[in-house]
$ cat data.cif   # mmCIF, C-alpha atoms
data_query
loop_
_atom_site.label_atom_id
_atom_site.label_comp_id
_atom_site.auth_asym_id
_atom_site.auth_seq_id
_atom_site.Cartn_x
_atom_site.Cartn_y
_atom_site.Cartn_z
CA MET X 1 -4.29 31.95 -2.34
CA VAL X 2 -3.61 29.85 -5.43
CA LEU X 3 -2.00 27.26 -3.18
CA ASP X 4 -5.12 27.23 -1.01
CA ILE X 5 -7.29 26.42 -4.03
CA VAL X 6 -4.91 23.67 -5.17
CA SER X 7 -4.80 22.20 -1.69
CA TRP X 8 -8.57 22.37 -1.36
CA ALA X 9 -9.02 20.61 -4.71
CA LEU X 10 -6.56 17.87 -3.74
CA LEU X 11 -8.22 17.31 -0.35
CA VAL X 12 -11.71 17.13 -1.84
CA GLY X 13 -10.50 14.87 -4.65
CA GLY X 14 -8.82 12.57 -2.14
CA GLY X 15 -11.98 12.49 -0.02
CA LEU X 16 -14.06 11.70 -3.10
CA PHE X 17 -11.85 8.76 -4.05
CA CYS X 18 -11.92 7.51 -0.45
CA ILE X 19 -15.72 7.48 -0.51
CA ILE X 20 -15.79 5.80 -3.93
CA GLY X 21 -13.50 3.07 -2.58
CA GLY X 22 -15.76 2.75 0.46
CA VAL X 23 -18.81 2.41 -1.78
CA GLY X 24 -16.86 -0.16 -3.80
CA ILE X 25 -16.09 -2.28 -0.77
CA ILE X 26 -19.83 -2.38 -0.01
CA ARG X 27 -21.18 -2.83 -3.53
CA LEU X 28 -18.77 -5.31 -5.10
CA PRO X 29 -20.01 -8.89 -5.00
CA ASP X 30 -17.16 -11.04 -3.63
CA PHE X 31 -13.96 -10.83 -1.65
CA TYR X 32 -11.50 -10.66 -4.53
CA THR X 33 -13.32 -7.80 -6.23
CA ARG X 34 -13.62 -5.93 -2.94
CA THR X 35 -9.84 -5.75 -2.69
CA HIS X 36 -9.92 -3.51 -5.77
CA GLY X 37 -12.20 -1.09 -3.94
CA ALA X 38 -9.83 -0.98 -0.99
CA SER X 39 -6.96 -0.48 -3.42
CA ILE X 40 -8.55 2.77 -4.68
CA THR X 41 -8.71 4.32 -1.22
CA ASP X 42 -5.18 3.19 -0.44
CA THR X 43 -3.58 4.66 -3.56
CA LEU X 44 -5.28 7.72 -4.99
CA GLY X 45 -7.49 8.52 -1.98
CA ALA X 46 -4.66 8.58 0.54
CA GLY X 47 -2.18 9.95 -1.99
CA LEU X 48 -4.26 12.96 -3.00
CA MET X 49 -5.22 13.76 0.58
CA LEU X 50 -1.62 13.68 1.83
CA ALA X 51 -0.58 15.74 -1.22
CA GLY X 52 -3.24 18.29 -0.30
CA LEU X 53 -1.85 18.52 3.22
CA GLY X 54 1.64 18.83 1.74
CA VAL X 55 0.60 21.84 -0.34
CA GLN X 56 -0.58 23.49 2.90
CA THR X 57 3.00 23.49 4.21
CA LEU X 58 4.50 25.18 1.13
CA PRO X 59 3.90 28.86 2.13
CA HIS X 60 6.07 28.41 5.23
CA PHE X 61 8.50 26.04 3.60
CA LEU X 62 11.63 27.95 4.64
CA ASP X 63 10.45 28.61 8.21
CA GLY X 64 10.87 24.97 9.18
CA ASP X 65 7.83 23.44 7.55
CA TRP X 66 10.07 21.31 5.35
CA LEU X 67 10.23 18.76 8.16
CA ILE X 68 6.43 18.39 8.05
CA LEU X 69 6.68 17.84 4.31
CA VAL X 70 9.33 15.16 4.86
CA LYS X 71 7.08 13.43 7.38
CA LEU X 72 4.09 13.55 5.03
CA LEU X 73 6.29 12.11 2.30
CA ALA X 74 7.45 9.35 4.64
CA ILE X 75 3.84 8.43 5.47
CA THR X 76 2.96 8.41 1.76
CA ILE X 77 5.89 6.21 0.79
CA PHE X 78 5.18 3.87 3.68
CA LEU X 79 1.52 3.52 2.72
CA PHE X 80 2.48 2.88 -0.91
CA ILE X 81 4.88 0.12 0.12
CA THR X 82 2.68 -1.61 2.68
CA SER X 83 -0.62 -1.37 0.81
CA PRO X 84 0.32 -3.85 -1.99
CA THR X 85 2.13 -6.06 0.52
CA SER X 86 -0.85 -6.52 2.81
CA GLY X 87 -3.20 -6.67 -0.19
CA HIS X 88 -1.20 -9.47 -1.75
CA ALA X 89 -0.92 -11.30 1.59
CA LEU X 90 -4.70 -11.06 1.99
CA VAL X 91 -5.65 -12.45 -1.41
CA LYS X 92 -2.98 -15.14 -1.29
CA ALA X 93 -4.19 -16.33 2.11
CA ALA X 94 -7.81 -16.23 0.94
CA TYR X 95 -6.90 -18.10 -2.26
CA ALA X 96 -5.00 -20.76 -0.33
CA ARG X 97 -7.93 -21.15 2.04
CA GLY X 98 -10.21 -21.62 -0.95
CA VAL X 99 -12.40 -18.54 -0.71
CA ARG X 100 -14.44 -18.74 -3.93
CA TRP X 101 -15.45 -15.89 -6.17
CA ASP X 102 -18.93 -15.09 -7.37
CA GLN X 103 -19.36 -17.48 -10.29
CA ALA X 104 -22.31 -15.60 -11.75
CA LYS X 105 -20.22 -12.52 -12.36
CA THR X 106 -17.02 -14.29 -13.35
CA ASP X 107 -16.31 -14.71 -17.02
CA PRO X 108 -15.80 -18.49 -17.50
CA ASP X 109 -13.87 -18.19 -20.75
CA ALA X 110 -11.28 -15.90 -19.30
CA LYS X 111 -9.79 -18.33 -16.77
CA GLY X 112 -6.28 -19.34 -17.64
CA LYS X 113 -6.21 -17.28 -20.78
CA GLU X 114 -3.25 -15.21 -22.08
CA MET H 1 -11.95 22.58 4.17
CA PHE H 2 -10.21 20.28 6.63
CA TRP H 3 -13.66 19.58 7.99
CA ALA H 4 -14.78 18.43 4.54
CA ALA H 5 -11.79 16.10 4.24
CA MET H 6 -12.41 14.73 7.74
CA LEU H 7 -16.07 14.16 6.94
CA ALA H 8 -15.11 12.21 3.81
CA VAL H 9 -12.67 10.08 5.78
CA ILE H 10 -15.23 9.40 8.50
CA VAL H 11 -17.87 8.40 5.94
CA THR H 12 -15.35 5.99 4.39
CA MET H 13 -14.54 4.59 7.83
CA ALA H 14 -18.25 4.00 8.41
CA LEU H 15 -18.51 2.16 5.08
CA ALA H 16 -15.47 0.04 5.91
CA MET H 17 -16.91 -0.74 9.34
CA THR H 18 -20.18 -1.79 7.72
CA ARG H 19 -18.29 -4.28 5.57
CA ALA H 20 -16.32 -5.48 8.61
CA ILE H 21 -19.59 -6.22 10.40
CA MET H 22 -21.27 -7.77 7.34
CA GLY H 23 -18.42 -10.14 6.57
CA PRO H 24 -19.11 -12.76 5.25
CA THR H 25 -15.62 -14.31 5.31
CA VAL H 26 -12.90 -13.50 7.81
CA PHE H 27 -10.77 -12.08 4.97
CA ASP H 28 -13.47 -9.53 4.15
CA ARG H 29 -13.29 -8.37 7.72
CA ILE H 30 -9.50 -8.14 7.69
CA LEU H 31 -9.62 -6.21 4.41
CA ALA H 32 -12.15 -3.79 5.89
CA LEU H 33 -10.10 -3.36 9.07
CA ASN H 34 -6.93 -2.71 7.06
CA MET H 35 -8.80 -0.02 5.12
CA PHE H 36 -10.18 1.37 8.38
CA GLY H 37 -6.62 1.63 9.72
CA THR H 38 -5.40 3.47 6.62
CA LYS H 39 -8.26 5.93 7.00
CA THR H 40 -7.30 6.43 10.65
CA VAL H 41 -3.83 7.47 9.51
CA LEU H 42 -5.40 10.06 7.19
CA LEU H 43 -7.81 11.19 9.92
CA ILE H 44 -4.97 11.77 12.39
CA ALA H 45 -2.94 13.64 9.77
CA VAL H 46 -5.85 15.91 8.82
CA ALA H 47 -6.73 16.47 12.49
CA GLY H 48 -3.13 17.55 13.09
CA PHE H 49 -3.49 20.24 10.43
CA LEU H 50 -6.94 21.20 11.70
CA VAL H 51 -5.73 22.02 15.21
CA ASP H 52 -2.38 23.26 13.84
CA ARG H 53 -0.30 20.69 15.66
CA PRO H 54 1.91 19.03 13.03
CA ASP H 55 3.41 16.65 15.60
CA PHE H 56 0.25 14.58 15.08
CA LEU H 57 2.03 13.34 11.95
CA ASP H 58 4.36 11.27 14.11
CA LEU H 59 1.33 9.55 15.60
CA ALA H 60 -0.03 8.99 12.09
CA LEU H 61 3.22 7.34 11.01
CA ILE H 62 3.27 5.11 14.09
CA TYR H 63 -0.35 4.18 13.42
CA ALA H 64 0.55 3.26 9.83
CA LEU H 65 3.34 1.01 11.11
CA MET H 66 1.12 -0.68 13.68
CA ASN H 67 -1.73 -1.09 11.19
CA PHE H 68 0.54 -2.97 8.79
CA ILE H 69 2.03 -5.23 11.45
CA GLY H 70 -1.42 -5.80 12.94
CA THR H 71 -2.94 -6.74 9.59
CA ILE H 72 -0.17 -9.25 8.90
CA ALA H 73 -0.45 -10.70 12.41
CA VAL H 74 -4.24 -11.10 12.28
CA LEU H 75 -3.91 -12.51 8.78
CA LYS H 76 -1.38 -15.08 9.91
CA TYR H 77 -3.62 -16.04 12.77
CA ALA H 78 -6.63 -16.38 10.46
CA ARG H 79 -4.58 -18.45 8.03
CA PHE H 80 -2.75 -20.77 10.41
CA GLY H 81 -4.78 -20.56 13.58
CA SER H 82 -1.60 -19.78 15.50
CA LEU H 83 1.13 -17.17 15.67
CA GLY H 84 3.87 -19.66 16.58
CA SER H 85 6.66 -20.75 14.27
CA ASP H 86 5.55 -24.38 14.07
CA ALA H 87 2.33 -23.44 12.32
CA LYS H 88 3.35 -24.84 8.96
CA ARG H 89 0.09 -26.51 8.04
CA PRO H 90 -3.05 -24.49 7.37
CA ARG H 91 -5.87 -25.25 9.73
CA GLY H 92 -8.58 -27.51 8.32
CA GLN H 93 -11.98 -26.34 7.23
CA LEU H 94 -13.32 -23.45 9.21
CA MET F 1 28.39 -5.67 4.96
CA SER F 2 27.51 -2.72 2.75
CA ARG F 3 23.84 -3.66 3.15
CA ALA F 4 24.13 -3.22 6.91
CA LEU F 5 25.84 0.13 6.36
CA VAL F 6 23.03 1.38 4.11
CA THR F 7 20.48 0.23 6.70
CA PHE F 8 22.39 2.06 9.42
CA VAL F 9 22.63 5.33 7.46
CA VAL F 10 18.93 5.30 6.51
CA LEU F 11 17.89 4.52 10.08
CA PHE F 12 20.14 7.17 11.57
CA VAL F 13 19.00 9.90 9.18
CA THR F 14 15.42 8.98 10.11
CA TRP F 15 16.32 9.14 13.79
CA LEU F 16 17.88 12.60 13.39
CA LEU F 17 14.88 13.92 11.44
CA TRP F 18 12.31 12.66 13.92
CA SER F 19 14.11 13.18 17.23
CA GLY F 20 14.69 16.94 17.12
CA VAL F 21 16.81 16.73 20.28
CA TYR F 22 20.51 17.01 19.50
CA GLU F 23 22.35 16.19 22.73
CA PRO F 24 25.21 13.72 23.08
CA LEU F 25 23.09 11.28 25.09
CA THR F 26 20.19 11.03 22.62
CA ILE F 27 22.50 10.91 19.59
CA GLY F 28 24.59 8.23 21.29
CA LEU F 29 21.48 6.19 22.04
CA GLY F 30 20.44 6.68 18.42
CA VAL F 31 23.78 5.40 17.12
CA LEU F 32 23.57 2.40 19.44
CA SER F 33 20.02 1.40 18.54
CA CYS F 34 20.55 1.97 14.81
CA ALA F 35 23.72 -0.12 14.87
CA PHE F 36 21.91 -2.86 16.77
CA VAL F 37 19.02 -2.96 14.31
CA ALA F 38 21.40 -2.87 11.32
CA TRP F 39 23.40 -5.78 12.76
CA PHE F 40 20.25 -7.67 13.64
CA SER F 41 18.58 -7.28 10.25
CA ASP F 42 21.80 -8.14 8.43
CA ARG F 43 21.72 -11.57 10.06
CA ILE F 44 18.32 -12.29 8.51
CA ASP F 45 18.87 -14.22 5.32
CA SER F 46 21.87 -12.22 4.19
CA GLU F 47 23.04 -14.80 1.61
CA SER F 48 19.87 -15.04 -0.44
CA SER F 49 19.03 -11.34 -0.47
CA PRO F 50 18.76 -10.01 -4.01
CA LYS F 51 21.71 -8.15 -5.45
CA THR F 52 21.10 -4.72 -6.88
CA ASP F 53 23.39 -2.09 -8.33
CA LEU F 54 23.13 1.68 -8.50
CA GLY F 55 21.82 1.56 -12.05
CA PHE F 56 18.76 -0.38 -10.87
CA TRP F 57 17.77 2.39 -8.47
CA ILE F 58 18.29 5.09 -11.10
CA ARG F 59 16.16 3.17 -13.61
CA LEU F 60 13.58 2.65 -10.84
CA LEU F 61 13.36 6.43 -10.34
CA ILE F 62 12.64 6.83 -14.06
CA TYR F 63 10.02 4.06 -13.86
CA LEU F 64 8.09 5.44 -10.88
CA PRO F 65 6.51 8.51 -12.58
CA TRP F 66 5.15 6.25 -15.31
CA LEU F 67 3.76 3.87 -12.66
CA LEU F 68 2.13 6.83 -10.89
CA LYS F 69 0.49 7.89 -14.16
CA GLU F 70 -0.80 4.34 -14.70
CA ILE F 71 -2.18 4.25 -11.14
CA VAL F 72 -4.10 7.48 -11.70
CA ILE F 73 -5.55 6.22 -15.00
CA ALA F 74 -6.54 2.88 -13.48
CA ASN F 75 -8.07 4.66 -10.48
CA LEU F 76 -10.31 6.76 -12.72
CA GLU F 77 -11.30 3.65 -14.65
CA ILE F 78 -12.21 1.62 -11.56
CA ALA F 79 -13.96 4.59 -9.93
CA ARG F 80 -16.11 4.90 -13.05
CA VAL F 81 -16.92 1.16 -12.90
CA ILE F 82 -17.86 1.28 -9.22
CA CYS F 83 -20.06 4.35 -9.60
CA ALA F 84 -21.91 2.98 -12.64
CA PRO F 85 -25.38 1.82 -11.50
CA SER F 86 -25.18 -1.47 -13.44
CA LEU F 87 -21.77 -2.33 -11.94
CA PRO F 88 -20.21 -3.48 -15.24
CA ILE F 89 -17.53 -5.79 -13.87
CA SER F 90 -16.19 -9.02 -15.32
CA PRO F 91 -13.73 -10.46 -12.78
CA GLN F 92 -11.30 -13.02 -14.09
CA LEU F 93 -8.16 -14.89 -13.19
CA LEU F 94 -5.29 -14.52 -15.63
CA GLN F 95 -2.05 -16.42 -15.87
CA VAL F 96 0.41 -13.90 -17.20
CA PRO F 97 3.98 -14.87 -18.06
CA SER F 98 6.36 -12.69 -16.06
CA GLY F 99 9.03 -10.99 -18.10
CA PRO F 100 11.41 -10.07 -15.27
CA LYS F 101 13.55 -13.00 -14.11
CA THR F 102 15.54 -11.70 -11.14
CA PRO F 103 13.89 -11.66 -7.68
CA MET F 104 14.07 -7.86 -7.52
CA GLY F 105 12.48 -7.42 -10.95
CA GLN F 106 9.73 -9.91 -10.14
CA ALA F 107 9.01 -8.21 -6.83
CA LEU F 108 8.78 -4.87 -8.63
CA TYR F 109 6.49 -6.33 -11.29
CA ALA F 110 4.15 -8.09 -8.85
CA ASN F 111 3.96 -5.04 -6.59
CA SER F 112 3.25 -2.75 -9.54
CA ILE F 113 0.37 -5.01 -10.58
CA THR F 114 -1.06 -5.04 -7.06
CA LEU F 115 -0.63 -1.30 -6.56
CA THR F 116 -2.58 -0.54 -9.73
CA PRO F 117 -6.29 -0.68 -8.85
CA GLY F 118 -8.25 -3.24 -10.81
CA THR F 119 -5.53 -5.87 -10.81
CA ILE F 120 -4.07 -7.80 -7.89
CA THR F 121 -1.36 -10.46 -7.76
CA LEU F 122 -2.43 -13.73 -6.21
CA ASP F 123 0.66 -15.79 -6.76
CA LEU F 124 4.03 -15.71 -8.48
CA ARG F 125 5.46 -19.08 -9.38
CA ASP F 126 7.69 -20.55 -12.09
CA GLY F 127 7.86 -17.35 -14.09
CA THR F 128 4.10 -16.79 -14.30
CA VAL F 129 1.99 -14.35 -12.33
CA LEU F 130 -1.53 -15.26 -11.28
CA VAL F 131 -3.53 -12.04 -11.53
CA HIS F 132 -7.09 -11.30 -10.50
CA ALA F 133 -8.50 -8.52 -12.67
CA LEU F 134 -11.74 -6.63 -12.12
CA CYS F 135 -12.36 -5.80 -15.76
CA LYS F 136 -11.34 -7.11 -19.13
CA GLY F 137 -8.64 -5.52 -21.15
CA SER F 138 -6.42 -4.27 -18.33
CA SER F 139 -3.21 -4.80 -20.21
CA GLN F 140 0.03 -5.67 -18.50
CA GLY F 141 2.19 -5.83 -21.61
CA GLU F 142 3.54 -2.31 -21.24
CA MET F 143 4.24 -2.76 -17.53
CA ASP F 144 6.00 -6.06 -18.22
CA ARG F 145 8.26 -4.42 -20.78
CA ARG F 146 9.08 -1.48 -18.54
CA CYS F 147 9.83 -3.70 -15.52
CA CYS F 148 12.24 -5.68 -17.71
CA ALA F 149 13.89 -2.41 -18.67
CA VAL F 150 14.28 -1.43 -15.00
CA GLU F 151 15.66 -4.86 -14.18
CA GLY F 152 18.39 -4.42 -16.76
CA THR F 153 20.42 -7.21 -18.26
CA SER F 154 22.57 -7.96 -15.24
#
$ encode --input "data.cif" --output "structure tokens"
Amino acid sequence: MVLDIVSWALLVGGGLFCIIGGVGIIRLPDFYTRTHGASITDTLGAGLMLAGLGVQTLPHFLDGDWLILVKLLAITIFLFITSPTSGHALVKAAYARGVRWDQAKTDPDAKGKE
Amino acid sequence: MFWAAMLAVIVTMALAMTRAIMGPTVFDRILALNMFGTKTVLLIAVAGFLVDRPDFLDLALIYALMNFIGTIAVLKYARFGSLGSDAKRPRGQL
Amino acid sequence: MSRALVTFVVLFVTWLLWSGVYEPLTIGLGVLSCAFVAWFSDRIDSESSPKTDLGFWIRLLIYLPWLLKEIVIANLEIARVICAPSLPISPQLLQVPSGPKTPMGQALYANSITLTPGTITLDLRDGTVLVHALCKGSSQGEMDRRCCAVEGTS
């Protein structure tokens, strides 16, 4: 019962972050900022949702559900490895191709600082 | 509650698809499609729990693999205009 | 050689977990395909692959919970920014000097930056990282220090 509540909270939280990332990818002004929106759904959105599914398996952990947990863990780890890789490949390709960012929103003083 | 999670994922997929249609650059579309693919993985996983068939998780993992490879392949094509090994130079202006 | 062995063991454990059929034929096929893939991937660039020791992986395990905590904090921050009606963003490009010097440490550092929402690595060249940040004040100093600690002195 407690596990059900925890799992429910994780699933809803994950769904909420997915939608926030989706809103971000629509609202943000240029390509580079949109990658940050996608990054939210890929990390916390997917992570929380898979964690919520993982909690579902716990009551029957000893009856063979541990394999499901292992598979969920494998999917999570895989997503967490590939998400920055493809994200970096995307922005690097866009940067090399000269996709510009929204100058109006970009802080001119900040470039090249630190 | 799985229905709620699925609904959230589907709404996100719709948002990502909107961005994929709107563009404006090809990289925006690839980004949106990559996100769409990640959401598909989640959708398959949740659907597996919804109908109580955990073997759906295997499909989800395969989809995650293919999504990654597909993104990189499409990206390489968008960047070089070719998938071959002699595509050293980026294509000129689009 | 040991790299191929590690690849083989990881692949074969994965095979056993996913297959679920334990007959001589399937296990034999599994051994064959895992050995083939291990041999094949060992031929790819085996000289220039980064060297790691056991200590690196142990320090990495200590580092990961901290990274997870940072990801959650950054997620909340960016979610707040996106949901705010005025969209208070100030995107900027930063050239950050990279503390880690070995290939493995730099890969860890760049991936940590990209994985944290709000910052994404554009390029890594000559010991500096080119970072695109969504908001001001997303500090990398702590992450830089911790990645150096994971990298070790070797």
$ atom_distance --input "data.cif" --atom1 "CA of Ile72 in chain H" --atom2 "CA of Val91 in chain X"
12.1 Å
$ residues_around --input "data.cif" --residues "Leu15 in chain H" --least-positions-apart "5" --cutoff "8 Å" --atoms "only C-alpha atoms" --output "PDB file with C-alpha atoms, keeping the file's coordinate frame"
ATOM      1  CA  GLY X  22     -15.760   2.750   0.460  1.00  0.00           C
ATOM      2  CA  VAL X  23     -18.810   2.410  -1.780  1.00  0.00           C
ATOM      3  CA  ILE X  25     -16.090  -2.280  -0.770  1.00  0.00           C
ATOM      4  CA  ILE X  26     -19.830  -2.380  -0.010  1.00  0.00           C
TER       5      ILE X  26
END
$ resolve_selection --input "data.cif" --expression "the PyMOL selection byres ((chain H) within 12 of (chain F))" --output "VMD selection string"
chain H and resid 55 57 to 59 61 to 62
$ resolve_selection --input "data.cif" --expression "the PyMOL selection byres ((chain X) within 6 of (chain H))" --output "PDB file with C-alpha atoms, keeping the file's coordinate frame"
ATOM      1  CA  LEU X  11      -8.220  17.310  -0.350  1.00  0.00           C
ATOM      2  CA  GLY X  15     -11.980  12.490  -0.020  1.00  0.00           C
ATOM      3  CA  ILE X  19     -15.720   7.480  -0.510  1.00  0.00           C
ATOM      4  CA  GLY X  22     -15.760   2.750   0.460  1.00  0.00           C
ATOM      5  CA  PHE X  31     -13.960 -10.830  -1.650  1.00  0.00           C
ATOM      6  CA  ILE X  75       3.840   8.430   5.470  1.00  0.00           C
TER       7      ILE X  75
END
$ resolve_selection --input "data.cif" --expression "the PyMOL selection byres ((chain F) within 8 of (chain X))" --output "PyMOL selection string"
chain F and resi 17+71-72+75+78-79+82-83+89-96+111+114-123+132+134
$ atom_distance --input "data.cif" --atom1 "CA of Gly127 in chain F" --atom2 "CA of Phe56 in chain F"
20.4 Å
$ residues_near_point --input "data.cif" --point "(7.9, 2.3, -7.4)" --cutoff "9 Å" --atoms "only C-alpha atoms" --output "ChimeraX atom specification"
/X:80-81 /F:60-61,63-65,67-68,108,111-112
$ atom_distance --input "data.cif" --atom1 "CA of Ala149 in chain F" --atom2 "CA of Val129 in chain F"
18.0 Å
$ axis_aligned_box --input "data.cif" --around "range 91-106 of chain F" --padding-each-side "4 Å" --output "AutoDock Vina command-line options"
--center_x 0.9 --center_y -11.9 --center_z -12.8 --size_x 37.3 --size_y 17.0 --size_z 18.6
